[in-house]
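First the structure, in the form of structure tokens, and then the observations on it.
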Amino acid sequence: MTSIKTTHFKGIVFRAHKPFRASTPLSGEGTSFHGGRFNPKGIAALYTALEQTTAFAEHQQGFLHRPQPTTLCAYEVDCADIVNLTNPDILKTLNIRESELSCPWELIVENKKTPPSWRLAKKLIGESVAGIIVPSFTKNAHKNSKNLVLWHWGSTLPHKVIVIDDENRLAVDSEI
């Protein structure tokens, strides 16, 4: 159990996928292979947004003037061990600066250095934190846009994440 103050997140979140990846919306394989703002290569993460518009902005990388085909998935989340890094008191308690969260992580990696957001992620993962709520740093997201990034998730509690697909629309249709 972690000594870091965590919270429980229960609600619906969203993720926009490239259509060819939408059939495996819970895998985290792409982020494990490429890395992301809050996960070094080799560590899977599920990046979601608290609003549909934020999910779309994140997916389009801020280039909303050239939107590409997108499959939007919604997820029911019931997850313990979440740290809310949008709370200034928690940032202060953990001695985290917003600049560490918003760092130009891709440029830092390109220069063969470790981004501060990766060091933070490794620290929190080591403390058994399942995920974080963070501001969205993508262009065109509104000022209060937030993301939920998970490192531990599955089909059961305490880190339950289920894709909402009651009509089985994400199933691969071999007749198409």
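We name chains A, B, ... following the order of the structure tokens; residues begin at 1 in each chain, and ligands are numbered from 1 as shown.
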- Query: So which bits of stretch 5-148 of chain A end up helix (DSSP H, G or I) when you DSSP the backbone, as a PyMOL selection string?
  - Reply: chain A and resi 19-21+29-34+52-59+88-93+98-101+105-110+116-126
Go ahead and dump the residues you just picked, C-alpha atoms, as a short mmCIF file (atom, residue, chain, number, x, y, z; two decimals), in the first residue's frame.
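Result written to out.cif:
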```cif
data_model
loop_
_atom_site.label_atom_id
_atom_site.label_comp_id
_atom_site.auth_asym_id
_atom_site.auth_seq_id
_atom_site.Cartn_x
_atom_site.Cartn_y
_atom_site.Cartn_z
CA PRO A 19 -10.02 2.90 -36.13
CA PHE A 20 -7.64 -0.03 -36.73
CA ARG A 21 -6.70 -0.05 -33.01
CA GLU A 29 0.36 -1.99 -26.06
CA GLY A 30 0.93 1.14 -28.14
CA THR A 31 1.96 3.20 -25.15
CA SER A 32 4.20 0.42 -23.90
CA PHE A 33 5.97 0.29 -27.24
CA HIS A 34 6.29 4.05 -27.85
CA GLN A 52 -15.23 13.55 -24.99
CA THR A 53 -13.89 16.83 -26.38
CA THR A 54 -10.62 16.35 -24.50
CA ALA A 55 -10.28 12.79 -25.83
CA PHE A 56 -10.72 14.10 -29.36
CA ALA A 57 -8.24 16.95 -28.85
CA GLU A 58 -5.67 14.52 -27.37
CA HIS A 59 -6.12 12.11 -30.27
CA PRO A 88 -2.34 22.11 -5.95
CA ASP A 89 -2.19 20.80 -2.36
CA ILE A 90 -1.23 17.33 -3.55
CA LEU A 91 1.40 18.75 -5.92
CA LYS A 92 2.86 20.72 -3.02
CA THR A 93 2.80 17.72 -0.67
CA GLU A 98 3.54 21.69 -12.92
CA SER A 99 6.53 22.11 -15.24
CA GLU A 100 7.42 18.47 -14.51
CA LEU A 101 3.97 17.41 -15.68
CA TRP A 105 8.89 14.89 -22.90
CA GLU A 106 9.36 13.86 -26.54
CA LEU A 107 12.13 16.40 -27.06
CA ILE A 108 13.82 15.32 -23.83
CA VAL A 109 13.72 11.65 -24.92
CA GLU A 110 15.03 12.62 -28.36
CA PRO A 116 10.78 14.42 -15.27
CA SER A 117 7.29 13.08 -16.01
CA TRP A 118 8.80 9.59 -16.49
CA ARG A 119 10.69 9.83 -13.18
CA LEU A 120 7.45 10.86 -11.50
CA ALA A 121 5.56 7.97 -13.12
CA LYS A 122 8.17 5.42 -12.02
CA LYS A 123 8.07 6.81 -8.46
CA LEU A 124 4.28 6.60 -8.28
CA ILE A 125 4.15 3.15 -9.86
CA GLY A 126 6.73 2.02 -7.29
#
```
- Task: Excluding A:Asn147 and any residue of its chain fewer than 6 positions from it, enumerate the residues within 10 Å of it, using only C-alpha atoms, and give them as number ranges by chain.
- Result: A: 13-15, 47-51, 54-55, 58, 86, 132-137
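For the residues A:Leu170, A:Gln60, A:Thr71, A:Gly28, ranking by smallest atom-to-atom distance to A:Lys41 using only C-alpha atoms places A:Gly28 first.
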- What are the DSSP strand (DSSP E) residues of chain A, as a PyMOL selection string? chain A and resi 7-17+46-49+71-84+131-135+146-150+159-163
- Could you check how far atom CA of A:Leu72 sits from atom CA of A:Gly36, in Å to one decimal?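 For atom CA of A:Leu72 relative to atom CA of A:Gly36, the distance reads 19.5 Å.
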- Task: Enter the distance from atom CA of A:Leu46 to atom CA of A:Trp153, in Å, rounded to one decimal.
- Result: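 Pair atom CA of A:Leu46 / atom CA of A:Trp153 returns 8.2 Å.
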- Message: Could you tell me how far atom CA of A:Ala22 sits from atom CA of A:Cys73, in Å to one decimal place?
- Response: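 According to the coordinates, atom CA of A:Cys73 and atom CA of A:Ala22 are separated by 7.9 Å.
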- Looking at A:His152, A:Lys146, A:Arg37, A:Arg66, which one is nearest to A:Thr114, with distances taken over only C-alpha atoms?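 Looking only at the distances to A:Thr114, the closest residue turns out to be A:Arg37.
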- Task: Determine the nearest neighbour of A:Ala130 from the options A:Val83, A:Leu94, A:Leu157, A:Cys103, counting only C-alpha atoms.
- Result: A:Val83
